[in-house]
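Peer 1: Structure file structure_36.cif (mmCIF, C-alpha atoms) right here:
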data_work
loop_
_atom_site.label_atom_id
_atom_site.label_comp_id
_atom_site.auth_asym_id
_atom_site.auth_seq_id
_atom_site.Cartn_x
_atom_site.Cartn_y
_atom_site.Cartn_z
CA MET A 1 25.24 -32.27 51.54
CA PHE A 2 24.91 -29.96 48.49
CA PHE A 3 23.26 -27.18 50.46
CA SER A 4 21.82 -26.75 53.90
CA LEU A 5 19.06 -24.51 55.12
CA SER A 6 19.75 -21.80 57.62
CA TYR A 7 16.76 -22.64 59.79
CA SER A 8 16.24 -25.48 62.16
CA LYS A 9 15.72 -29.00 60.85
CA LYS A 10 12.21 -29.12 62.25
CA PHE A 11 11.19 -25.92 60.53
CA GLN A 12 12.86 -27.13 57.41
CA ARG A 13 11.02 -30.46 57.44
CA GLN A 14 7.66 -28.80 58.12
CA ARG A 15 8.21 -26.36 55.27
CA TYR A 16 9.07 -29.17 52.87
CA LEU A 17 6.04 -31.17 53.91
CA LYS A 18 3.71 -28.20 53.50
CA LEU A 19 5.18 -27.44 50.12
CA VAL A 20 4.74 -31.04 48.99
CA ALA A 21 1.17 -31.00 50.32
CA LEU A 22 0.45 -27.79 48.43
CA LEU A 23 1.88 -29.25 45.23
CA LEU A 24 -0.22 -32.36 45.66
CA ILE A 25 -3.36 -30.28 46.19
CA ILE A 26 -2.67 -28.25 43.06
CA PHE A 27 -1.92 -31.45 41.15
CA PHE A 28 -5.24 -32.89 42.32
CA LEU A 29 -7.09 -29.70 41.35
CA GLU A 30 -5.47 -29.76 37.91
CA TRP A 31 -6.43 -33.41 37.53
CA LEU A 32 -10.03 -32.50 38.38
CA GLY A 33 -9.93 -29.64 35.88
CA LEU A 34 -10.76 -27.03 38.49
CA VAL A 35 -7.54 -25.12 37.88
CA GLN A 36 -8.68 -24.29 34.38
CA LEU A 37 -11.83 -22.74 35.81
CA VAL A 38 -9.76 -20.57 38.11
CA LYS A 39 -7.48 -19.60 35.23
CA ASN A 40 -10.42 -18.72 32.99
CA SER A 41 -11.98 -16.55 35.68
CA LEU A 42 -8.65 -14.77 36.20
CA ASN A 43 -8.33 -14.14 32.49
CA PHE A 44 -11.10 -11.55 32.79
CA VAL A 45 -8.76 -9.56 35.03
CA PHE A 46 -5.63 -10.01 32.93
CA GLU A 47 -7.02 -9.58 29.44
CA PRO A 48 -7.83 -5.82 29.65
CA VAL A 49 -4.43 -5.15 31.21
CA LEU A 50 -2.73 -7.20 28.50
CA LYS A 51 -4.60 -5.34 25.75
CA PHE A 52 -3.68 -2.00 27.27
CA ASN A 53 -0.03 -3.05 27.47
CA VAL A 54 -0.07 -4.27 23.88
CA GLN A 55 -1.34 -0.86 22.77
CA ILE A 56 1.35 0.93 24.73
CA ALA A 57 4.03 -1.42 23.39
CA HIS A 58 2.78 -0.80 19.87
CA GLN A 59 3.01 2.94 20.37
CA VAL A 60 6.50 2.61 21.84
CA VAL A 61 7.79 0.21 19.19
CA GLN A 62 6.17 1.99 16.22
CA PRO A 63 8.69 4.89 16.05
CA VAL A 64 11.55 2.38 16.22
CA VAL A 65 10.01 0.39 13.36
CA GLN A 66 9.51 3.59 11.38
CA LEU A 67 13.12 4.56 11.96
CA ARG A 68 14.24 1.14 10.78
CA ASP A 69 12.05 1.42 7.69
CA PHE A 70 13.30 4.95 7.05
CA ARG A 71 16.80 3.54 6.57
CA HIS A 72 15.56 1.52 3.59
CA ALA A 73 13.28 4.26 2.27
CA ALA A 74 15.74 5.57 -0.35
CA TYR A 75 16.29 2.09 -1.75
CA LYS A 76 12.53 1.47 -1.77
CA ILE A 77 11.83 4.73 -3.64
CA GLN A 78 14.52 3.90 -6.20
CA SER A 79 13.06 0.43 -6.67
CA LEU A 80 9.55 1.84 -7.04
CA GLU A 81 10.76 4.38 -9.60
CA GLN A 82 12.29 1.59 -11.66
CA GLN A 83 9.08 -0.41 -11.43
CA LEU A 84 7.08 2.67 -12.47
CA ALA A 85 9.31 3.24 -15.51
CA ALA A 86 8.95 -0.39 -16.56
CA ALA A 87 5.19 -0.18 -16.08
CA GLU A 88 4.98 2.98 -18.19
CA VAL A 89 6.87 1.28 -21.04
CA GLU A 90 4.52 -1.66 -20.79
CA VAL A 91 1.48 0.63 -20.83
CA ALA A 92 2.78 2.39 -23.96
CA GLN A 93 3.26 -0.96 -25.70
CA LEU A 94 -0.21 -2.05 -24.67
CA ARG A 95 -1.73 1.18 -26.01
CA GLN A 96 -0.01 0.63 -29.35
CA LEU A 97 -1.27 -2.93 -29.47
CA GLN A 98 -4.75 -1.74 -28.56
CA GLN A 99 -4.72 0.72 -31.46
CA GLU A 100 -3.51 -1.97 -33.86
CA ASN A 101 -6.13 -4.34 -32.59
CA GLN A 102 -8.87 -1.75 -33.08
CA ALA A 103 -7.68 -1.02 -36.62
CA LEU A 104 -7.69 -4.72 -37.49
CA ARG A 105 -11.13 -5.13 -35.97
CA ASP A 106 -12.45 -2.23 -38.03
CA LEU A 107 -10.96 -3.81 -41.12
CA ILE A 108 -12.61 -7.17 -40.48
CA GLU A 109 -15.95 -5.76 -39.37
CA ASN A 110 -16.26 -3.47 -42.42
CA THR A 111 -18.80 -5.36 -44.54
CA ASP A 112 -18.26 -3.14 -47.59
CA ARG A 113 -14.77 -4.46 -47.95
CA GLN A 114 -14.27 -7.80 -49.60
CA LEU A 115 -10.82 -9.16 -49.00
CA VAL A 116 -11.18 -12.26 -51.17
CA ASP A 117 -13.52 -12.43 -54.12
CA THR A 118 -15.43 -15.59 -53.32
CA TYR A 119 -18.77 -17.00 -54.31
CA ILE A 120 -20.65 -19.84 -52.70
CA SER A 121 -22.52 -21.95 -55.20
CA ARG A 122 -24.33 -25.26 -55.60
CA PRO A 123 -22.83 -27.97 -57.74
CA ILE A 124 -24.82 -29.19 -60.70
CA LEU A 125 -24.03 -32.82 -61.03
CA SER A 126 -23.29 -34.29 -64.37
CA LEU A 127 -20.67 -36.91 -64.95
CA ALA A 128 -20.18 -35.71 -68.47
CA GLN A 129 -20.01 -32.03 -67.72
CA PRO A 130 -19.98 -30.94 -64.07
CA ALA A 131 -20.98 -27.34 -63.52
CA VAL A 132 -21.83 -24.81 -60.84
CA SER A 133 -24.49 -22.17 -60.82
CA LEU A 134 -23.46 -18.56 -61.12
CA PRO A 135 -25.20 -15.44 -59.77
CA VAL A 136 -28.12 -14.15 -61.78
CA ASP A 137 -27.24 -10.59 -60.91
CA GLU A 138 -25.67 -9.07 -63.98
CA ASN A 139 -23.89 -6.50 -61.93
CA LYS A 140 -21.96 -9.25 -60.31
CA ASP A 141 -19.05 -9.60 -62.62
CA PHE A 142 -17.53 -12.92 -61.82
CA HIS A 143 -14.18 -13.54 -63.47
CA LEU A 144 -13.38 -16.91 -64.93
CA PRO A 145 -11.40 -19.08 -64.72
CA ALA A 146 -11.89 -19.57 -60.97
CA ALA A 147 -10.81 -22.25 -58.55
CA VAL A 148 -13.55 -24.57 -57.31
CA LEU A 149 -13.13 -25.64 -53.70
CA VAL A 150 -14.92 -28.13 -51.53
CA ASP A 151 -14.13 -27.84 -47.83
CA GLN A 152 -11.07 -25.67 -48.63
CA THR A 153 -9.76 -28.31 -51.06
CA LEU A 154 -9.18 -27.48 -54.70
CA VAL A 155 -11.23 -29.94 -56.75
CA GLY A 156 -11.38 -28.25 -60.13
CA VAL A 157 -11.38 -25.08 -62.18
CA ALA A 158 -14.49 -23.31 -63.45
CA THR A 159 -13.74 -22.23 -66.99
CA ASN A 160 -16.47 -21.47 -69.48
CA ARG A 161 -19.62 -19.52 -68.67
CA GLN A 162 -22.88 -20.60 -70.15
CA GLU A 163 -25.62 -18.22 -69.00
CA ASN A 164 -26.04 -18.98 -65.32
CA LEU A 165 -23.67 -21.87 -65.29
CA ALA A 166 -19.94 -22.24 -65.19
CA LEU A 167 -18.50 -25.44 -66.51
CA VAL A 168 -16.05 -27.11 -64.16
CA LYS A 169 -13.04 -29.11 -65.14
CA LEU A 170 -12.31 -31.44 -62.25
CA LEU A 171 -8.73 -32.31 -61.44
CA TRP A 172 -9.05 -36.01 -62.18
CA GLN A 173 -10.50 -35.34 -65.69
CA LYS A 174 -8.20 -35.68 -68.65
CA SER A 175 -9.26 -32.38 -70.11
CA ASN A 176 -8.51 -30.36 -67.03
CA THR A 177 -6.26 -27.36 -67.01
CA ALA A 178 -2.80 -28.20 -65.79
CA ILE A 179 -2.27 -26.66 -62.38
CA LEU A 180 1.10 -25.73 -60.99
CA ALA A 181 1.59 -27.47 -57.65
CA LYS A 182 4.24 -28.26 -55.09
CA THR A 183 4.72 -30.57 -52.19
CA GLU A 184 5.58 -29.68 -48.58
CA SER A 185 9.24 -30.41 -49.30
CA GLY A 186 9.19 -27.94 -52.21
CA VAL A 187 9.10 -30.38 -55.15
CA GLU A 188 7.21 -28.73 -57.96
CA GLY A 189 5.11 -30.35 -60.64
CA LEU A 190 1.89 -30.22 -62.65
CA ILE A 191 -1.49 -31.50 -61.53
CA LYS A 192 -3.15 -33.45 -64.32
CA GLY A 193 -5.87 -36.05 -64.55
CA ASP A 194 -5.85 -39.36 -66.33
CA GLY A 195 -9.60 -39.82 -66.24
CA ARG A 196 -9.54 -41.73 -62.94
CA LYS A 197 -6.86 -40.28 -60.71
CA ILE A 198 -5.22 -36.97 -59.95
CA LEU A 199 -1.54 -37.01 -60.78
CA LEU A 200 1.33 -34.78 -59.81
CA THR A 201 3.49 -35.04 -62.92
CA GLU A 202 6.69 -33.68 -64.44
CA ILE A 203 8.71 -34.34 -61.32
CA PRO A 204 12.46 -34.73 -61.82
CA MET A 205 13.79 -38.20 -61.07
CA GLU A 206 16.22 -36.91 -58.50
CA ALA A 207 13.47 -35.17 -56.51
CA GLU A 208 12.46 -36.99 -53.35
CA LEU A 209 8.80 -37.51 -52.64
CA THR A 210 7.26 -38.93 -49.51
CA ILE A 211 3.97 -40.75 -49.18
CA GLY A 212 1.55 -38.63 -47.20
CA GLU A 213 3.07 -35.25 -48.15
CA GLN A 214 0.58 -32.46 -48.75
CA VAL A 215 0.27 -30.90 -52.18
CA VAL A 216 -0.75 -27.26 -52.65
CA SER A 217 -1.14 -24.96 -55.62
CA ILE A 218 1.70 -22.60 -56.55
CA GLY A 219 -0.54 -19.98 -58.11
CA GLN A 220 -1.48 -19.10 -61.68
CA GLN A 221 -4.23 -17.28 -63.54
CA GLY A 222 -7.56 -18.19 -61.97
CA VAL A 223 -6.02 -20.33 -59.25
CA ALA A 224 -4.56 -18.70 -56.16
CA GLY A 225 -1.50 -20.01 -54.43
CA ASN A 226 -1.43 -22.30 -51.39
CA LEU A 227 -4.77 -23.94 -52.09
CA TYR A 228 -4.81 -27.43 -50.64
CA ILE A 229 -5.10 -30.15 -53.29
CA GLY A 230 -4.50 -33.43 -51.47
CA LYS A 231 -1.92 -35.89 -50.20
CA ILE A 232 0.49 -38.09 -52.10
CA ARG A 233 -0.80 -41.66 -52.00
CA ALA A 234 1.62 -43.41 -54.36
CA ILE A 235 4.74 -42.67 -56.43
CA GLU A 236 5.04 -43.99 -59.96
CA SER A 237 8.38 -43.99 -61.80
CA GLY A 238 9.37 -46.15 -64.77
CA GLN A 239 12.99 -46.97 -65.70
CA GLU A 240 12.74 -45.53 -69.19
CA GLN A 241 10.93 -42.37 -68.06
CA ALA A 242 12.85 -39.14 -67.54
CA VAL A 243 10.41 -37.86 -64.95
CA LYS A 244 8.26 -39.45 -62.30
CA GLN A 245 4.73 -38.82 -61.08
CA ALA A 246 2.72 -39.27 -57.94
CA VAL A 247 -0.88 -40.11 -57.32
CA VAL A 248 -2.66 -37.45 -55.24
CA GLU A 249 -5.56 -38.44 -53.08
CA GLN A 250 -8.36 -36.08 -52.05
CA GLN A 251 -10.55 -36.55 -49.01
CA VAL A 252 -13.50 -34.69 -50.54
CA SER A 253 -15.51 -35.13 -53.70
CA PHE A 254 -17.24 -32.64 -55.95
CA TYR A 255 -20.13 -35.05 -56.28
CA ASP A 256 -20.68 -35.37 -52.52
CA ALA A 257 -20.50 -31.64 -51.83
CA VAL A 258 -23.61 -29.66 -50.84
CA VAL A 259 -22.04 -26.31 -51.62
CA VAL A 260 -18.85 -25.33 -53.39
CA GLU A 261 -16.78 -22.21 -53.21
CA LEU A 262 -15.59 -20.35 -56.27
CA ARG A 263 -12.51 -18.29 -55.60
CA MET B 1 -4.52 -2.85 57.42
CA LYS B 2 -1.55 -0.85 56.24
CA TYR B 3 0.39 -3.98 55.35
CA PHE B 4 -2.68 -5.44 53.64
CA LEU B 5 -3.07 -2.34 51.47
CA GLN B 6 0.65 -2.37 50.75
CA SER B 7 0.40 -5.99 49.66
CA ILE B 8 -2.58 -5.27 47.39
CA LEU B 9 -0.70 -2.38 45.82
CA LYS B 10 2.38 -4.53 45.33
CA LEU B 11 0.31 -7.31 43.79
CA SER B 12 -1.34 -4.83 41.42
CA LEU B 13 2.04 -3.49 40.38
CA ILE B 14 3.42 -6.96 39.86
CA ILE B 15 0.39 -7.86 37.71
CA ILE B 16 1.03 -4.82 35.52
CA LEU B 17 4.72 -5.71 35.36
CA LEU B 18 3.94 -9.33 34.45
CA THR B 19 1.51 -8.43 31.69
CA TRP B 20 3.95 -5.86 30.34
CA GLU B 21 6.70 -8.46 30.28
CA ARG B 22 4.30 -10.89 28.57
CA VAL B 23 4.03 -8.36 25.77
CA LEU B 24 7.80 -7.93 25.60
CA GLY B 25 8.79 -11.58 25.99
CA LEU B 26 10.28 -13.12 29.12
CA PRO B 27 9.20 -12.56 32.77
CA LEU B 28 12.67 -11.57 33.95
CA LEU B 29 11.78 -8.78 36.36
CA PHE B 30 8.70 -10.63 37.59
CA VAL B 31 10.69 -13.73 38.51
CA SER B 32 13.43 -11.66 40.18
CA LEU B 33 10.97 -9.62 42.24
CA SER B 34 8.88 -12.68 43.09
CA LEU B 35 11.92 -14.52 44.38
CA LEU B 36 12.97 -11.50 46.41
CA TRP B 37 9.49 -11.02 47.81
CA LEU B 38 9.16 -14.68 48.72
CA ASP B 39 12.61 -14.63 50.26
CA LYS B 40 11.69 -11.59 52.33
CA ASN B 41 8.57 -13.31 53.69
CA PHE B 42 10.14 -16.73 54.06
CA LYS B 43 9.85 -16.64 57.84
CA PHE B 44 6.14 -15.72 57.78
CA GLU B 45 4.68 -19.03 56.75
CA LEU B 46 1.12 -17.98 55.93
CA LYS B 47 2.18 -14.95 53.95
CA TYR B 48 4.83 -16.99 52.17
CA PHE B 49 2.36 -19.64 51.05
CA ALA B 50 -0.27 -17.07 50.08
CA LEU B 51 2.30 -15.22 47.98
CA LEU B 52 3.56 -18.45 46.47
CA ILE B 53 0.05 -19.47 45.40
CA LEU B 54 -0.89 -16.05 44.03
CA LEU B 55 2.36 -15.35 42.19
CA SER B 56 2.50 -18.80 40.64
CA LEU B 57 -1.15 -18.54 39.61
CA PHE B 58 -0.58 -15.13 38.00
CA TRP B 59 2.47 -16.46 36.20
CA ALA B 60 0.64 -19.55 34.97
CA VAL B 61 -2.40 -17.58 33.79
CA VAL B 62 -0.50 -14.88 31.95
CA TYR B 63 2.04 -17.23 30.33
CA GLN B 64 -0.53 -19.98 29.70
CA PHE B 65 1.22 -22.91 31.29
CA SER B 66 0.71 -25.31 34.19
CA TRP B 67 0.02 -23.79 37.60
CA LEU B 68 1.66 -26.82 39.21
CA LEU B 69 4.86 -26.17 37.27
CA ALA B 70 4.81 -22.45 38.12
CA LEU B 71 4.34 -23.31 41.78
CA LEU B 72 7.14 -25.86 41.65
CA LEU B 73 9.52 -23.43 39.95
CA LEU B 74 8.89 -20.58 42.38
CA SER B 75 9.01 -22.76 45.48
CA VAL B 76 12.22 -24.53 44.42
CA GLY B 77 13.64 -21.13 43.40
CA SER B 78 12.87 -19.58 46.76
CA LEU B 79 14.36 -22.59 48.56
CA PHE B 80 17.53 -22.35 46.51
CA LEU B 81 17.72 -18.64 47.26
CA ARG B 82 17.65 -19.43 50.96
CA SER B 83 20.26 -22.16 50.68
CA LYS B 84 23.96 -21.62 51.21
CA LEU B 85 25.47 -22.55 47.91
CA ASN B 86 29.26 -22.74 47.83
CA PHE B 87 29.63 -21.54 44.25
CA PHE B 88 27.15 -18.63 44.60
CA PRO B 89 27.80 -17.15 48.03
CA GLU B 90 26.46 -13.73 47.09
CA LYS B 91 22.65 -13.63 47.04
CA LYS B 92 22.51 -10.91 44.39
CA ARG B 93 24.19 -13.24 41.87
CA ARG B 94 22.07 -16.13 43.05
CA VAL B 95 18.88 -14.16 42.25
CA LEU B 96 20.11 -13.40 38.74
CA VAL B 97 21.20 -16.98 38.06
CA LEU B 98 17.91 -18.39 39.39
CA THR B 99 15.94 -15.90 37.30
CA LEU B 100 17.81 -17.00 34.21
CA ILE B 101 17.37 -20.70 34.97
CA LEU B 102 13.64 -20.33 35.65
CA ASN B 103 13.22 -18.36 32.43
CA LEU B 104 15.13 -20.97 30.46
CA ILE B 105 12.80 -23.64 31.86
CA LEU B 106 9.84 -21.45 30.87
CA ILE B 107 11.23 -21.14 27.32
CA TRP B 108 11.71 -24.90 27.17
CA VAL B 109 8.19 -25.60 28.45
CA THR B 110 6.19 -22.97 26.55
CA GLY B 111 8.34 -22.78 23.40
CA LEU B 112 8.70 -18.98 23.51
CA GLU B 113 10.70 -17.57 20.63
CA LEU B 114 13.91 -15.72 21.37
CA ASN B 115 14.84 -12.76 19.18
CA ALA B 116 16.69 -9.45 19.28
CA TYR B 117 13.98 -7.95 21.52
CA SER B 118 14.54 -10.76 24.06
CA LEU B 119 18.24 -9.94 24.21
CA ILE B 120 17.51 -6.23 24.72
CA GLN B 121 14.93 -7.09 27.36
CA LEU B 122 17.40 -9.39 29.12
CA THR B 123 20.06 -6.70 29.23
CA VAL B 124 17.67 -3.98 30.41
CA SER B 125 16.13 -6.26 33.03
CA TYR B 126 19.54 -7.30 34.31
CA LEU B 127 20.57 -3.66 34.67
CA LEU B 128 17.27 -2.76 36.37
CA VAL B 129 17.60 -5.57 38.92
CA LEU B 130 21.17 -4.55 39.64
CA LEU B 131 20.10 -0.92 39.99
CA TRP B 132 17.22 -1.90 42.26
CA LEU B 133 19.47 -3.93 44.55
CA ARG B 134 22.16 -1.22 44.53
CA LEU B 135 19.66 1.55 45.38
CA ILE B 136 18.21 -0.41 48.29
CA GLN B 137 21.69 -1.14 49.54
CA ILE B 138 22.58 2.57 49.47
CA LYS B 139 19.26 3.52 51.06
CA ARG B 140 19.68 1.07 53.92
CA LYS B 141 23.28 2.11 54.44
CA THR B 142 22.35 5.79 54.56
CA LYS B 143 19.35 5.25 56.82
CA SER B 144 21.04 3.14 59.44
CA GLY B 145 24.53 4.44 59.00
CA LEU B 146 25.70 0.89 58.43
CA ASN B 147 25.92 -1.24 55.39
CA ILE B 148 23.60 -4.08 56.37
CA GLY B 149 23.97 -5.65 52.94
CA LEU B 150 21.55 -7.27 50.60
CA LEU B 151 20.95 -10.44 52.53
CA ASP B 152 18.42 -9.08 54.94
CA GLU B 153 16.31 -6.51 53.09
CA TYR B 154 15.49 -5.87 49.45
CA GLY B 155 13.06 -3.04 49.87
CA PHE B 156 10.25 -5.14 48.35
#
Show me the file's structure as structure tokens.
Peer 2:
Amino acid sequence: MFFSLSYSKKFQRQRYLKLVALLLIIFFLEWLGLVQLVKNSLNFVFEPVLKFNVQIAHQVVQPVVQLRDFRHAAYKIQSLEQQLAAAEVEVAQLRQLQQENQALRDLIENTDRQLVDTYISRPILSLAQPAVSLPVDENKDFHLPAAVLVDQTLVGVATNRQENLALVKLLWQKSNTAILAKTESGVEGLIKGDGRKILLTEIPMEAELTIGEQVVSIGQQGVAGNLYIGKIRAIESGQEQAVKQAVVEQQVSFYDAVVVELR
Amino acid sequence: MKYFLQSILKLSLIIILLTWERVLGLPLLFVSLSLLWLDKNFKFELKYFALLILLSLFWAVVYQFSWLLALLLLSVGSLFLRSKLNFFPEKKRRVLVLTLILNLILIWVTGLELNAYSLIQLTVSYLLVLLWLRLIQIKRKTKSGLNIGLLDEYGF
């Protein structure tokens, strides 16, 4: 036998039986759920003692935790100092940006300042001689020639002033002023009209044009640079010609516009 | 009456000890002292069973596990402590080994987490139990003039 009890066999058997009986009773009580009731009622006794012990343990352990933290205190302070320095640099940068932002805001909000000399006008429709109305105010000295724009697209140039009107030469008209223009890829040419279409002309043969490229103005007297003109729709090049030209398409029309902008 | 009051006092102390150990981690001292106390009262059947029920109930309530399991562990532990095991002839070692085994079962059942504090608690508890048993041994030896050993009395 693995082990033997020091008491008599009878005593030993009785003890085993009683223990088994006790275990069975407890098992039965647990099965009935009565044990939980006993446990819950005992919790009222143990809970205050447990809380008290937790407080004591906290007080005992706290100095140890503080000592442990103290070991890393120097490193923590150094790390915090670095973070503070970085934060100060960031704050200085933010202050500078704030000042710049305020200055820009003042510049924009100042109504007395006119950054671009523009004038909103109504088109006066005439197929023979399109025109736009000009301000009646004599003090308003409006310089001509000026670019005529519809929805930020250059459609013509206002040239001659006739009282309260400015005559407009549209880009597709034959008599229009040649406008220096370039494509997105940097190919330069002249915008002229043939009476029906807008053409980008005087383009060297070796220059490469792509359908769909945007065309903008280069800038000249009366016409500012980078004004959107249109997109290349077709490329025309004859064998005997020294240069080639492209047809430029515009999405807006002077005749459909409600208001135009003179710039 | 005197023994009754002594028992109440002992039970109160063991409750405080158990709750304290619940805060720290494992019930190492509680299990050791419970086994010793049960072993001391093994001959007195009524007292033994009363102690077994109370101690197991306290253990189960404080550590939130089955009363049946607590009862089973303590009763089997006390029976093993009384047995004559060939590989653990000395009862002092047997108490320590049983305490460890019962605590390992408790860890397995309740899923208690072991950490550095548990190791410190284990070491301190081991030393305290050894000191307790050593002090009682010296006390008995001095009182009676003979070393009656640890098998008969534990002072608990």
Peer 1: What are the closest atom pairs, with distances in Å to one decimal, for all residues of chain A lying within 10 Å of chain B? Consider all atoms listed in the file, order rows by chain and residue number, and present the result as CSV.
Peer 2:
residue,atom,partner,partner_atom,distance
A:Phe2,CA,B:Leu85,CA,7.5
A:Phe3,CA,B:Lys84,CA,5.7
A:Ser4,CA,B:Ser83,CA,5.8
A:Leu5,CA,B:Ser83,CA,5.2
A:Ser6,CA,B:Ser83,CA,7.0
A:Tyr7,CA,B:Lys43,CA,9.4
A:Phe11,CA,B:Lys43,CA,9.8
A:Arg15,CA,B:Glu45,CA,8.3
A:Tyr16,CA,B:Leu79,CA,9.5
A:Lys18,CA,B:Phe49,CA,9.0
A:Leu19,CA,B:Ser75,CA,7.6
A:Val20,CA,B:Leu72,CA,9.3
A:Leu22,CA,B:Phe49,CA,8.8
A:Leu23,CA,B:Leu68,CA,6.5
A:Leu24,CA,B:Leu68,CA,8.7
A:Ile25,CA,B:Leu68,CA,9.3
A:Ile26,CA,B:Leu68,CA,6.0
A:Phe27,CA,B:Leu68,CA,6.2
A:Phe28,CA,B:Leu68,CA,9.7
A:Leu29,CA,B:Leu68,CA,9.5
A:Glu30,CA,B:Leu68,CA,7.8
A:Val35,CA,B:Trp67,CA,7.7
A:Gln36,CA,B:Val61,CA,9.2
A:Val38,CA,B:Leu57,CA,9.0
A:Lys39,CA,B:Val61,CA,5.7
A:Asn40,CA,B:Val61,CA,8.1
A:Ser41,CA,B:Val61,CA,9.8
A:Leu42,CA,B:Val61,CA,7.3
A:Asn43,CA,B:Val61,CA,7.0
A:Val45,CA,B:Ile15,CA,9.7
A:Phe46,CA,B:Val62,CA,7.1
A:Glu47,CA,B:Val62,CA,8.8
A:Pro48,CA,B:Thr19,CA,9.9
A:Val49,CA,B:Thr19,CA,6.8
A:Leu50,CA,B:Thr19,CA,5.4
A:Lys51,CA,B:Thr19,CA,9.1
A:Phe52,CA,B:Trp20,CA,9.1
A:Asn53,CA,B:Trp20,CA,5.7
A:Val54,CA,B:Val23,CA,6.1
A:Gln55,CA,B:Val23,CA,9.7
A:Ile56,CA,B:Trp20,CA,9.2
A:Ala57,CA,B:Val23,CA,7.3
A:His58,CA,B:Val23,CA,9.7
Peer 1: Can you list, as a ChimeraX atom specification, the residues that the PyMOL selection byres ((chain A and resi 173) around 8) selects here?
Peer 2: /A:169-172,174-176,192-198
Peer 1: What lies within 12 Å of B:Leu128 using all atoms listed in the file, ignoring chain neighbours under 5 positions off, as number ranges by chain?
Peer 2: B: 28-30, 32-33, 96, 121-123, 133-135
Peer 1: Got a sec to resolve the PyMOL selection byres ((chain A and resi 191) around 10) on this structure and send the residues as a count of residues only?
Peer 2: 27
Peer 1: Which value, in Å to one decimal, gives the distance between atom CA of B:Phe65 and atom CA of B:Gly111?
Peer 2: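 Distance reported for this atom pair: 10.6 Å.
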Peer 1: In Å, rounded to a single decimal, give me how far atom CA of B:Gly25 is from atom CA of B:Asn103.
Peer 2: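 Computing the Euclidean distance for atom CA of B:Asn103 and atom CA of B:Gly25 yields 10.3 Å.
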Peer 1: If you apply the PyMOL selection byres ((chain A and resi 224) around 12) to this file, what residues do you get, as a PyMOL selection string?
Peer 2: chain A and resi 116-118+145-149+154+157+179-181+216-223+225-229+262-263
Peer 1: Which one of A:Gln250, A:Thr153, A:Gln12, A:Ser237 sits closest to A:Gly212 if you count all atoms listed in the file?
Peer 2: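 The answer is A:Gln250, which sits nearest to A:Gly212.
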Peer 1: Show me, as a list in words, the residues that have an atom within 10 Å of B:Val95 when counting all atoms listed in the file, minus same-chain residues fewer than 5 positions from it.
Peer 2: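 That gives Val31, Ser32, Leu33, Leu35, Leu36, Gly77, Ser78, Phe80, Leu81, Phe88, Glu90, Leu100, Ile101 and Val129 of chain B.
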Peer 1: By how many Å are atom CA of A:Gln102 and atom CA of A:Ala87 apart?
Peer 2: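 Going from atom CA of A:Gln102 over to atom CA of A:Ala87, I get 22.1 Å.
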Peer 1: Counting all atoms listed in the file, write as a list in words all protein and nucleic acid residues lying at most 6 Å from (8.9, -21.5, 35.5) in the file's frame.
Peer 2: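 Residues with an atom at most 6 Å from (8.9, -21.5, 35.5): Ala70, Leu73, Leu102, Ile105 and Leu106 of chain B.
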